[in-house]
Structure formats: structure tokens, C-alpha cells
file final.txt (compact mmCIF, C-alpha atoms and all ligand atoms)
# COMPACT_ATOMS: atom_id res chain seq x y z
CA MET U 1049 -8.02 -4.35 -10.30
CA ALA U 1050 -5.83 -3.96 -7.22
CA ALA U 1051 -2.18 -3.26 -7.82
CA GLN U 1052 -1.37 -6.91 -7.64
CA ALA U 1053 -4.62 -8.66 -8.45
CA PRO U 1054 -3.51 -12.03 -9.77
CA LEU U 1055 -4.62 -11.93 -13.37
CA GLY U 1056 -2.62 -15.07 -14.04
CA ARG U 1057 -1.02 -13.21 -16.92
CA THR U 1058 0.76 -9.98 -17.71
CA ALA U 1059 -1.45 -6.89 -17.35
CA VAL U 1060 -1.74 -4.55 -20.31
CA MET U 1061 -1.69 -0.86 -19.37
CA GLY U 1062 -2.99 1.31 -22.21
CA VAL U 1063 -1.33 4.72 -22.52
CA LEU U 1064 -3.60 7.75 -22.59
CA ASN U 1065 -1.57 10.94 -22.79
CA VAL U 1066 -3.86 13.95 -22.42
CA THR U 1067 -1.07 16.24 -23.53
CA PRO U 1068 -0.30 18.46 -26.51
CA ASP U 1069 3.33 17.34 -26.66
CA SER U 1070 3.99 13.69 -25.65
CA PHE U 1071 6.56 12.26 -28.01
CA SER U 1072 4.50 9.24 -28.95
CA ASP U 1073 0.97 10.56 -29.31
CA GLY U 1074 1.11 14.24 -28.34
CA GLY U 1075 -1.99 16.22 -29.24
CA ARG U 1076 -4.09 13.30 -30.44
CA TRP U 1077 -6.17 12.97 -27.26
CA ALA U 1078 -5.79 16.48 -25.89
CA THR U 1079 -9.47 17.20 -25.20
CA THR U 1080 -11.58 15.43 -22.59
CA GLU U 1081 -13.90 14.03 -25.27
CA THR U 1082 -11.19 12.59 -27.50
CA ALA U 1083 -9.28 11.27 -24.49
CA VAL U 1084 -12.31 9.50 -22.99
CA ALA U 1085 -13.19 7.99 -26.37
CA HIS U 1086 -9.64 6.75 -26.78
CA GLY U 1087 -9.63 5.30 -23.25
CA ARG U 1088 -12.76 3.33 -24.09
CA ALA U 1089 -11.19 2.15 -27.34
CA LEU U 1090 -8.10 0.93 -25.49
CA VAL U 1091 -10.29 -1.09 -23.12
CA ALA U 1092 -12.25 -2.51 -26.05
CA ALA U 1093 -8.92 -3.56 -27.57
CA GLY U 1094 -8.05 -5.51 -24.42
CA ALA U 1095 -6.37 -3.11 -21.97
CA ASP U 1096 -6.66 -4.14 -18.31
CA LEU U 1097 -6.12 -0.60 -17.10
CA ILE U 1098 -5.60 2.86 -18.56
CA ASP U 1099 -2.69 5.11 -17.60
CA VAL U 1100 -3.87 8.71 -17.80
CA GLY U 1101 -1.15 11.36 -17.93
CA GLY U 1102 -1.21 15.14 -18.28
CA GLU U 1103 2.51 15.84 -18.38
CA SER U 1104 4.80 14.91 -21.23
CA THR U 1105 8.05 13.38 -20.00
CA ARG U 1106 9.71 13.39 -23.41
CA PRO U 1107 13.38 14.36 -23.49
CA GLY U 1108 13.58 18.15 -23.63
CA SER U 1109 10.01 18.74 -22.45
CA THR U 1110 9.01 21.53 -20.07
CA ARG U 1111 6.49 20.86 -17.30
CA PRO U 1112 2.89 22.10 -17.38
CA VAL U 1113 1.79 24.13 -14.37
CA GLU U 1114 -0.15 22.15 -11.79
CA SER U 1115 -3.55 23.66 -12.66
CA GLU U 1116 -3.06 22.70 -16.31
CA GLU U 1117 -2.13 19.13 -15.42
CA LEU U 1118 -5.18 18.84 -13.15
CA ALA U 1119 -7.50 20.24 -15.83
CA ARG U 1120 -6.18 17.69 -18.34
CA VAL U 1121 -6.44 14.51 -16.30
CA VAL U 1122 -9.19 14.82 -13.68
CA PRO U 1123 -12.27 14.94 -15.98
CA VAL U 1124 -10.92 12.07 -18.07
CA ILE U 1125 -10.21 9.92 -15.01
CA ARG U 1126 -13.64 10.67 -13.55
CA ALA U 1127 -15.44 9.74 -16.77
CA LEU U 1128 -13.53 6.49 -17.34
CA ALA U 1129 -13.57 5.41 -13.68
CA GLU U 1130 -17.35 5.93 -13.59
CA GLU U 1131 -17.56 3.35 -16.35
CA GLY U 1132 -15.75 0.85 -14.12
CA ILE U 1133 -12.40 1.14 -15.91
CA THR U 1134 -9.29 0.70 -13.76
CA ILE U 1135 -7.19 3.86 -13.91
CA SER U 1136 -3.63 4.72 -13.04
CA VAL U 1137 -2.58 8.35 -13.08
CA ASP U 1138 0.81 9.15 -14.57
CA THR U 1139 1.96 12.06 -12.42
CA MET U 1140 4.91 13.27 -10.39
CA ARG U 1141 2.79 15.70 -8.31
CA ALA U 1142 1.21 14.76 -4.97
CA SER U 1143 -1.61 17.26 -5.53
CA VAL U 1144 -2.51 15.67 -8.88
CA CYS U 1145 -2.24 12.21 -7.35
CA ARG U 1146 -4.74 13.19 -4.64
CA ALA U 1147 -7.23 14.72 -7.08
CA ALA U 1148 -6.87 11.75 -9.42
CA VAL U 1149 -7.53 9.21 -6.66
CA GLU U 1150 -10.54 11.25 -5.53
CA ALA U 1151 -11.77 11.12 -9.14
CA GLY U 1152 -11.44 7.32 -9.21
CA ALA U 1153 -7.83 6.37 -10.02
CA THR U 1154 -6.57 3.43 -7.96
CA ILE U 1155 -2.90 3.36 -8.96
CA VAL U 1156 -0.38 6.22 -9.01
CA ASN U 1157 2.28 5.87 -11.69
CA ASP U 1158 5.09 8.18 -10.63
CA VAL U 1159 7.94 8.18 -13.15
CA SER U 1160 10.13 9.93 -10.56
CA GLY U 1161 9.66 7.23 -7.90
CA GLY U 1162 8.89 9.91 -5.34
CA LEU U 1163 11.90 12.10 -6.14
CA ALA U 1164 10.12 14.96 -7.93
CA ASP U 1165 7.71 15.85 -5.13
CA PRO U 1166 8.68 15.26 -1.48
CA ALA U 1167 4.99 14.91 -0.53
CA MET U 1168 4.26 12.11 -3.00
CA LEU U 1169 5.09 8.97 -1.01
CA ASP U 1170 3.23 10.10 2.13
CA THR U 1171 0.23 11.09 0.02
CA VAL U 1172 0.05 7.73 -1.74
CA ALA U 1173 0.40 5.94 1.60
CA GLU U 1174 -2.40 8.04 3.11
CA LEU U 1175 -4.68 7.41 0.14
CA GLY U 1176 -3.94 3.66 0.17
CA ALA U 1177 -3.44 3.65 -3.59
CA GLY U 1178 -1.24 1.32 -5.61
CA TYR U 1179 2.08 2.87 -6.55
CA VAL U 1180 4.42 2.43 -9.50
CA ALA U 1181 7.90 3.68 -8.63
CA MET U 1182 9.98 4.12 -11.77
CA HIS U 1183 13.75 4.60 -11.96
CA TRP U 1184 14.37 8.27 -12.67
CA ARG U 1185 17.14 10.79 -12.30
CA ALA U 1186 15.99 14.16 -13.67
CA HIS U 1187 13.21 15.98 -15.47
CA GLY U 1188 12.83 15.76 -19.25
CA ASP U 1189 14.73 18.95 -20.01
CA GLU U 1190 18.01 17.51 -18.73
CA MET U 1191 17.67 13.75 -18.26
CA GLN U 1192 19.51 12.76 -21.45
CA SER U 1193 22.60 14.84 -20.59
CA SER U 1194 25.80 12.92 -19.84
CA THR U 1195 25.47 14.01 -16.20
CA TYR U 1196 22.38 11.86 -15.81
CA ALA U 1197 22.55 9.25 -18.58
CA SER U 1198 25.73 7.58 -17.36
CA TYR U 1199 26.17 4.55 -15.16
CA ASP U 1200 29.72 3.92 -14.03
CA GLY U 1201 29.00 2.10 -10.77
CA PRO U 1202 29.45 -1.61 -10.11
CA GLY U 1203 27.48 -3.82 -12.47
CA GLY U 1204 27.04 -1.04 -15.05
CA VAL U 1205 23.58 0.22 -15.84
CA VAL U 1206 21.81 -2.90 -14.53
CA GLY U 1207 23.64 -2.81 -11.19
CA VAL U 1208 23.17 0.92 -10.72
CA VAL U 1209 19.48 0.98 -11.68
CA LEU U 1210 18.83 -2.00 -9.38
CA GLU U 1211 20.54 -0.20 -6.54
CA GLU U 1212 18.78 3.14 -7.11
CA LEU U 1213 15.38 1.50 -7.58
CA GLY U 1214 15.97 -0.44 -4.36
CA VAL U 1215 16.44 2.88 -2.57
CA ARG U 1216 13.12 4.14 -3.97
CA ARG U 1217 11.41 0.88 -2.89
CA ASP U 1218 12.74 1.34 0.63
CA ALA U 1219 11.56 4.96 0.72
CA ALA U 1220 8.08 3.97 -0.49
CA LEU U 1221 7.77 1.23 2.12
CA ALA U 1222 9.14 3.50 4.86
CA ALA U 1223 6.46 6.06 3.98
CA GLY U 1224 3.81 3.40 4.62
CA ILE U 1225 2.92 2.27 1.09
CA ARG U 1226 1.77 -1.31 1.45
CA PRO U 1227 4.25 -3.84 0.05
CA ASP U 1228 1.47 -5.56 -1.91
CA ARG U 1229 0.64 -2.24 -3.57
CA LEU U 1230 4.13 -1.45 -4.83
CA ILE U 1231 5.25 -2.01 -8.42
CA LEU U 1232 8.71 -1.15 -9.75
CA ASP U 1233 9.79 -0.05 -13.23
CA PRO U 1234 13.34 0.20 -14.62
CA GLY U 1235 12.38 3.37 -16.53
CA LEU U 1236 13.39 2.62 -20.12
CA GLY U 1237 14.38 5.81 -21.93
CA PHE U 1238 14.63 7.94 -18.79
CA ALA U 1239 18.23 9.14 -18.45
CA LYS U 1240 19.28 6.13 -20.53
CA THR U 1241 21.02 5.69 -23.86
CA ALA U 1242 19.90 3.03 -26.33
CA ASP U 1243 22.64 0.67 -25.07
CA HIS U 1244 21.48 1.18 -21.48
CA ASN U 1245 17.92 0.25 -22.47
CA TRP U 1246 19.05 -2.92 -24.25
CA ASP U 1247 21.12 -3.97 -21.23
CA LEU U 1248 18.10 -3.42 -18.99
CA VAL U 1249 15.62 -5.37 -21.11
CA ALA U 1250 18.11 -8.18 -21.58
CA ASN U 1251 18.49 -8.44 -17.80
CA LEU U 1252 14.92 -7.81 -16.73
CA GLY U 1253 14.86 -11.01 -14.71
CA ARG U 1254 17.37 -9.45 -12.31
CA PHE U 1255 14.69 -6.96 -11.23
CA GLU U 1256 12.79 -9.80 -9.57
CA GLU U 1257 15.51 -9.50 -6.89
CA LEU U 1258 13.79 -6.34 -5.69
CA GLY U 1259 10.83 -8.40 -4.50
CA HIS U 1260 8.01 -6.54 -6.27
CA PRO U 1261 6.10 -6.88 -9.53
CA ILE U 1262 7.70 -5.18 -12.52
CA LEU U 1263 6.13 -2.84 -15.07
CA VAL U 1264 7.95 -2.12 -18.34
CA GLY U 1265 7.37 0.65 -20.86
CA ALA U 1266 9.19 0.12 -24.16
CA SER U 1267 6.37 1.16 -26.49
CA ARG U 1268 7.46 3.57 -29.26
CA LYS U 1269 10.61 4.54 -27.39
CA THR U 1270 13.62 6.14 -29.03
CA PHE U 1271 15.91 3.12 -28.62
CA LEU U 1272 13.62 1.18 -30.97
CA GLY U 1273 13.66 4.08 -33.45
CA GLN U 1274 17.45 4.15 -33.30
CA LEU U 1275 17.73 0.40 -33.87
CA LEU U 1276 15.60 0.72 -37.01
CA ALA U 1277 17.27 3.89 -38.28
CA ASP U 1278 18.17 4.31 -41.95
CA ASP U 1279 19.64 7.15 -44.01
CA ALA U 1280 16.58 9.28 -43.20
CA GLY U 1281 17.33 8.98 -39.48
CA PRO U 1282 15.60 7.10 -36.64
CA ARG U 1283 12.42 5.22 -37.56
CA ALA U 1284 9.35 7.44 -36.98
CA VAL U 1285 7.52 7.04 -33.69
CA ASP U 1286 4.42 5.50 -35.28
CA GLN U 1287 6.49 2.97 -37.27
CA ARG U 1288 8.08 1.10 -34.39
CA GLU U 1289 5.29 -1.30 -33.48
CA PHE U 1290 6.63 -4.45 -35.14
CA ALA U 1291 9.90 -4.02 -33.29
CA HIS U 1292 8.03 -3.35 -30.06
CA VAL U 1293 5.87 -6.45 -30.43
CA SER U 1294 8.97 -8.54 -31.16
CA LEU U 1295 10.54 -7.27 -27.98
CA LEU U 1296 7.40 -8.01 -25.96
CA THR U 1297 7.39 -11.55 -27.24
CA LEU U 1298 10.96 -11.95 -26.02
CA LEU U 1299 10.06 -10.41 -22.66
CA ALA U 1300 6.91 -12.50 -22.20
CA GLU U 1301 8.85 -15.32 -20.57
CA ARG U 1302 9.95 -12.96 -17.82
CA GLN U 1303 6.49 -12.85 -16.26
CA VAL U 1304 6.45 -9.10 -15.79
CA TRP U 1305 3.41 -7.75 -13.95
CA GLY U 1306 2.54 -5.28 -16.65
CA LEU U 1307 3.41 -3.68 -19.96
CA ARG U 1308 2.72 0.00 -20.65
CA VAL U 1309 1.75 0.18 -24.32
CA HIS U 1310 0.12 2.37 -26.93
CA ASP U 1311 -1.01 -0.31 -29.39
CA VAL U 1312 -3.03 -2.46 -27.01
CA ARG U 1313 -4.35 -4.87 -29.59
CA ALA U 1314 -0.92 -5.72 -31.00
CA CYS U 1315 0.41 -6.22 -27.50
CA CYS U 1316 -2.49 -8.46 -26.42
CA ASP U 1317 -2.01 -10.55 -29.58
CA ALA U 1318 1.71 -10.95 -28.81
CA LEU U 1319 0.97 -12.02 -25.24
CA ARG U 1320 -1.55 -14.58 -26.44
CA VAL U 1321 0.97 -16.05 -28.86
CA ALA U 1322 3.62 -16.18 -26.14
CA SER U 1323 1.21 -17.80 -23.69
CA ARG U 1324 0.00 -20.44 -26.17
CA PHE U 1325 3.57 -21.16 -27.20
CA ALA U 1326 4.61 -21.65 -23.56
CA GLU U 1327 1.62 -23.94 -22.97
CA ALA U 1328 2.52 -26.07 -25.99
CA ARG U 1329 6.11 -26.28 -24.82
CA ARG U 1330 5.03 -27.35 -21.34
CA SER U 1331 2.90 -30.11 -22.82
CA GLY U 1332 6.08 -31.55 -24.33
CA GLY U 1333 4.67 -32.22 -27.79
CA GLY U 1334 1.76 -34.42 -26.80
CA GLY U 1335 -0.51 -31.64 -25.69
CA THR U 1336 -3.95 -30.28 -26.43
CA ARG U 1337 -5.19 -29.19 -29.83
CA SER U 1338 -7.10 -26.00 -30.53
N1 LIG G 1401 7.21 6.07 -20.03
C1 LIG G 1401 6.62 7.23 -20.34
C2 LIG G 1401 5.67 7.80 -19.47
N2 LIG G 1401 5.31 7.18 -18.33
N3 LIG G 1401 5.55 5.37 -16.86
C3 LIG G 1401 6.14 4.22 -16.51
N4 LIG G 1401 5.82 3.61 -15.36
N5 LIG G 1401 7.08 3.63 -17.31
C4 LIG G 1401 7.48 4.20 -18.49
O1 LIG G 1401 8.35 3.61 -19.16
C5 LIG G 1401 6.87 5.43 -18.87
C6 LIG G 1401 5.90 6.00 -18.01
C7 LIG G 1401 6.99 7.94 -21.60
O2 LIG G 1401 6.32 7.42 -22.69
P1 LIG G 1401 5.07 8.15 -23.43
O3 LIG G 1401 5.49 9.56 -23.75
O4 LIG G 1401 4.81 7.34 -24.61
O5 LIG G 1401 3.92 8.14 -22.48
call {"tool": "encode", "arguments": {"input": "final.txt", "output": "C-alpha cells"}}
result
Amino acid sequence: MAAQAPLGRTAVMGVLNVTPDSFSDGGRWATTETAVAHGRALVAAGADLIDVGGESTRPGSTRPVESEELARVVPVIRALAEEGITISVDTMRASVCRAAVEAGATIVNDVSGGLADPAMLDTVAELGAGYVAMHWRAHGDEMQSSTYASYDGPGGVVGVVLEELGVRRDAALAAGIRPDRLILDPGLGFAKTADHNWDLVANLGRFEELGHPILVGASRKTFLGQLLADDAGPRAVDQREFAHVSLLTLLAERQVWGLRVHDVRACCDALRVASRFAEARRSGGGGTRS
């Protein structure tokens, strides 16, 4: 699937974190064998592509060295790509991006939008890969500090993220990344408080102004855990799926290019409901039966 192959519906990107410490699924798919098996399972559940990452970006995380990141992702990408599965690589490093594309990845998902590694944009352009540029301000060890997670400019968080993502779009295009290969992502949870995330999802349609398809990653994120908190604290990471699916159903009308999700089956079900609902509404009450 090319970056913008017209599926006629929202693409489902299954998350495959080959890490010991990702906040959502850290350690569960940390060996090549378990990761490849999980990648296959995500495809069987309906994923259109698999996002393979070897670096946890959780708040407070420290970065793996480059050789460790390469050893985590390359064999998994090679094995899944050989089976014809479309792969994106979730990396901020140009060297990992190159090795991943050589191993069969066709999309580079860079949560830093080219800010973490000055060689990234040129490398993606040279390789001709698809590119997801996410809104980002700092690495995981400091991104939730008030220095980074504050948006005082015009238009509040939506205005500032639009502006900063527009700058990353311009940098990607200037580096030679093809416009039809560029996807943008508002970066939920990255240098953002819960209120920031809600403002962004409620105004997702504004991101169409940037002129590129939009990817959104809300799955299992802290703002959902905080919404569902009780006396014991935020809802546990693996108990947020109903809230996530509800949010996806609300977002489905926005026609986003893709959703980055852990529970692929639940997400696909939600998209099918939203699509059938929209079809029935278009038919105006006298429509088809199934
Ligand atoms: N979120 C995470 C990691 N990679 N990539 C994109 N494009 N968008 C996201 O929102 C995003 C991402 C963190 O979530 P995880 O730890 O569950 O993978």
C-alpha cells in the first residue's frame, strides 16, 4: 500500500512495539518470534499495515542506542515484509529508517517530524519512502514538562500545533519528499496535557487545512486513562479500549487517512459500524437492507 493508496476508507495501522518498555504493550513482543507472530495476528484481525517500532516514546523514557534499535526492528520488518505485509517503521533515526526500508518497510513514521535527526528528511526523500511527520517538541524524558507541554500562541493548542506541523510539512517537502507520500499527525500525548489532546481531537477537521492525509494515534493513551480515573487513579492501560473505540466512532466522520491502534479488531469493528451508519444516513431512510 503506497502512502496514499486510496482504500476508500480509513486505514488501520496496527502497533507492534518491539520494546521492553513501551507504555502500552512494553515487553510483550520483545523477541523477533513473538513480534512476528503478533504482526501476523494484527493483519489477520484486519490491519492494513503494521507499524514496527524499537524505541519507546513513553513520557520519561530513555532512548535505546542505535544498534539496539536496529537489532529489534530489522529482523521483524524483514520477516513480515517478506510475507507481503505493508510495514511502516516507527523511528526517529535516519540510520534505522534506511535499514528498515532496505528490509522492506515502505513508510517511515517519525514521531519527531524530522526534528530528532537532521539527516532524516533527506534520507526519506532519497529512499522515496512514504513519511509520517508527527507534531513533536522533545524526547520522552522531558516532553511533559511545562516548558514543552504549553501552548500560549494564537489559537491555543490547535493553532500552535497547526502552525508547527505546517513548518514540518514545509521542511519535508523542501527536502524532496513527494507531496503524495506525506502524512501528518497531530501527535496526541506528545508534549500535550489531557485538555490539549481533547482540543486537538475535537478540532481534527482543521488539520485538513495542511493539505495532507492525517494519521491519529489515540489508542491506550494517558488522556483516556485520566478521563476514566477513579479513586485508584487513572484507568489501567489495558482497560481503555471501550473509551478508545467510542472516540474512534466520533472521529470516523472526519475521514482521517489512518488510525494507529493496538486493538485492531475493535477498531475495524468501529469503523464498519461508522461506515454502515453513514451509508444508511445518506440513503435518507429508504435505503438498502442487509
Ligand atoms: N504514538 C506513539 C508512538 N508512535 N506514531 C504516530 N505517528 N502517532 C502517534 O500518536 C504515536 C506514534 C506512542 O504510543 P505507543 O507507546 O502505544 O506506541
call {"tool": "closest_residue", "arguments": {"input": "final.txt", "among": "U:Glu1150, U:Asp1228, U:Asp1286, U:Glu1211", "to": "ligand LIG 1401 (chain G)", "atoms": "all atoms listed in the file"}}
result
U:Asp1286
call {"tool": "closest_residue", "arguments": {"input": "final.txt", "among": "U:Tyr1179, U:Tyr1199, U:Phe1255, U:Phe1290", "to": "ligand LIG 1401 (chain G)", "atoms": "all atoms listed in the file"}}
result
U:Tyr1179
call {"tool": "closest_atom_pairs", "arguments": {"input": "final.txt", "of": "chain U", "to": "ligand LIG 1401 (chain G)", "cutoff": "9 Å", "atoms": "all atoms listed in the file", "output": "CSV"}}
result
residue,atom,partner,partner_atom,distance
U:Val1063,CA,G:LIG1401,O5,6.3
U:Leu1064,CA,G:LIG1401,O5,7.5
U:Asn1065,CA,G:LIG1401,O5,6.2
U:Asp1069,CA,G:LIG1401,O3,8.6
U:Ser1070,CA,G:LIG1401,O3,4.8
U:Phe1071,CA,G:LIG1401,O3,5.2
U:Ser1072,CA,G:LIG1401,O4,4.7
U:Asp1073,CA,G:LIG1401,O4,6.9
U:Gly1074,CA,G:LIG1401,O3,7.9
U:Asp1099,CA,G:LIG1401,N3,8.3
U:Gly1101,CA,G:LIG1401,O5,7.5
U:Glu1103,CA,G:LIG1401,C2,8.7
U:Ser1104,CA,G:LIG1401,O3,6.0
U:Thr1105,CA,G:LIG1401,C7,5.8
U:Arg1106,CA,G:LIG1401,O3,5.7
U:Asp1138,CA,G:LIG1401,N2,6.2
U:Thr1139,CA,G:LIG1401,N2,8.4
U:Asn1157,CA,G:LIG1401,N4,5.6
U:Asp1158,CA,G:LIG1401,N4,6.6
U:Val1159,CA,G:LIG1401,N3,5.2
U:Val1180,CA,G:LIG1401,N4,6.1
U:Ala1181,CA,G:LIG1401,N4,7.0
U:Met1182,CA,G:LIG1401,N4,5.5
U:His1183,CA,G:LIG1401,N5,8.6
U:Ile1231,CA,G:LIG1401,N4,8.9
U:Leu1232,CA,G:LIG1401,N4,7.9
U:Asp1233,CA,G:LIG1401,N4,5.8
U:Pro1234,CA,G:LIG1401,O1,7.6
U:Gly1235,CA,G:LIG1401,O1,4.8
U:Leu1236,CA,G:LIG1401,O1,5.2
U:Gly1237,CA,G:LIG1401,O1,7.0
U:Phe1238,CA,G:LIG1401,O1,7.6
U:Leu1263,CA,G:LIG1401,N4,6.5
U:Val1264,CA,G:LIG1401,O1,5.8
U:Gly1265,CA,G:LIG1401,O1,3.6
U:Ala1266,CA,G:LIG1401,O1,6.2
U:Ser1267,CA,G:LIG1401,O4,6.6
U:Arg1268,CA,G:LIG1401,O4,6.5
U:Lys1269,CA,G:LIG1401,O2,7.0
U:Leu1307,CA,G:LIG1401,N5,8.6
U:Arg1308,CA,G:LIG1401,N5,6.6
U:Val1309,CA,G:LIG1401,O4,7.8
U:His1310,CA,G:LIG1401,O4,7.2
call {"tool": "atom_distance", "arguments": {"input": "final.txt", "atom1": "CA of Asn1245 (chain U)", "atom2": "CA of Ala1142 (chain U)"}}
result
28.2 Å
call {"tool": "closest_residue", "arguments": {"input": "final.txt", "among": "U:Ile1225, U:Ile1135, U:Val1205, U:Val1312", "to": "Leu1175 (chain U)", "atoms": "all atoms listed in the file"}}
result
U:Ile1225
call {"tool": "residues_around", "arguments": {"input": "final.txt", "residues": "Glu1301 (chain U)", "least_positions_apart": "6", "cutoff": "9 Å", "atoms": "all atoms listed in the file", "output": "ChimeraX atom specification"}}
result
/U:1322-1323,1326
call {"tool": "atom_distance", "arguments": {"input": "final.txt", "atom1": "CA of Val1066 (chain U)", "atom2": "CA of Pro1123 (chain U)"}}
result
10.6 Å
call {"tool": "closest_residue", "arguments": {"input": "final.txt", "among": "U:Arg1141, U:His1260, U:Arg1217, U:Arg1226", "to": "Gln1303 (chain U)", "atoms": "only C-alpha atoms"}}
result
U:His1260
call {"tool": "atom_distance", "arguments": {"input": "final.txt", "atom1": "CA of Ala1197 (chain U)", "atom2": "CA of Leu1296 (chain U)"}}
result
24.1 Å
call {"tool": "closest_residue", "arguments": {"input": "final.txt", "among": "U:Leu1298, U:Ala1119, U:Ile1155, U:Met1140", "to": "Ala1167 (chain U)", "atoms": "only C-alpha atoms"}}
result
U:Met1140
call {"tool": "closest_residue", "arguments": {"input": "final.txt", "among": "U:Val1124, U:Glu1130, U:Leu1169, U:Met1061", "to": "Cys1145 (chain U)", "atoms": "all atoms listed in the file"}}
result
U:Leu1169
call {"tool": "axis_aligned_box", "arguments": {"input": "final.txt", "around": "region 1183-1188 of chain U", "padding_each_side": "3 Å", "output": "lines of an AutoDock Vina configuration file"}}
result
center_x = 15.0
center_y = 10.3
center_z = -15.6
size_x = 10.3
size_y = 17.4
size_z = 13.3
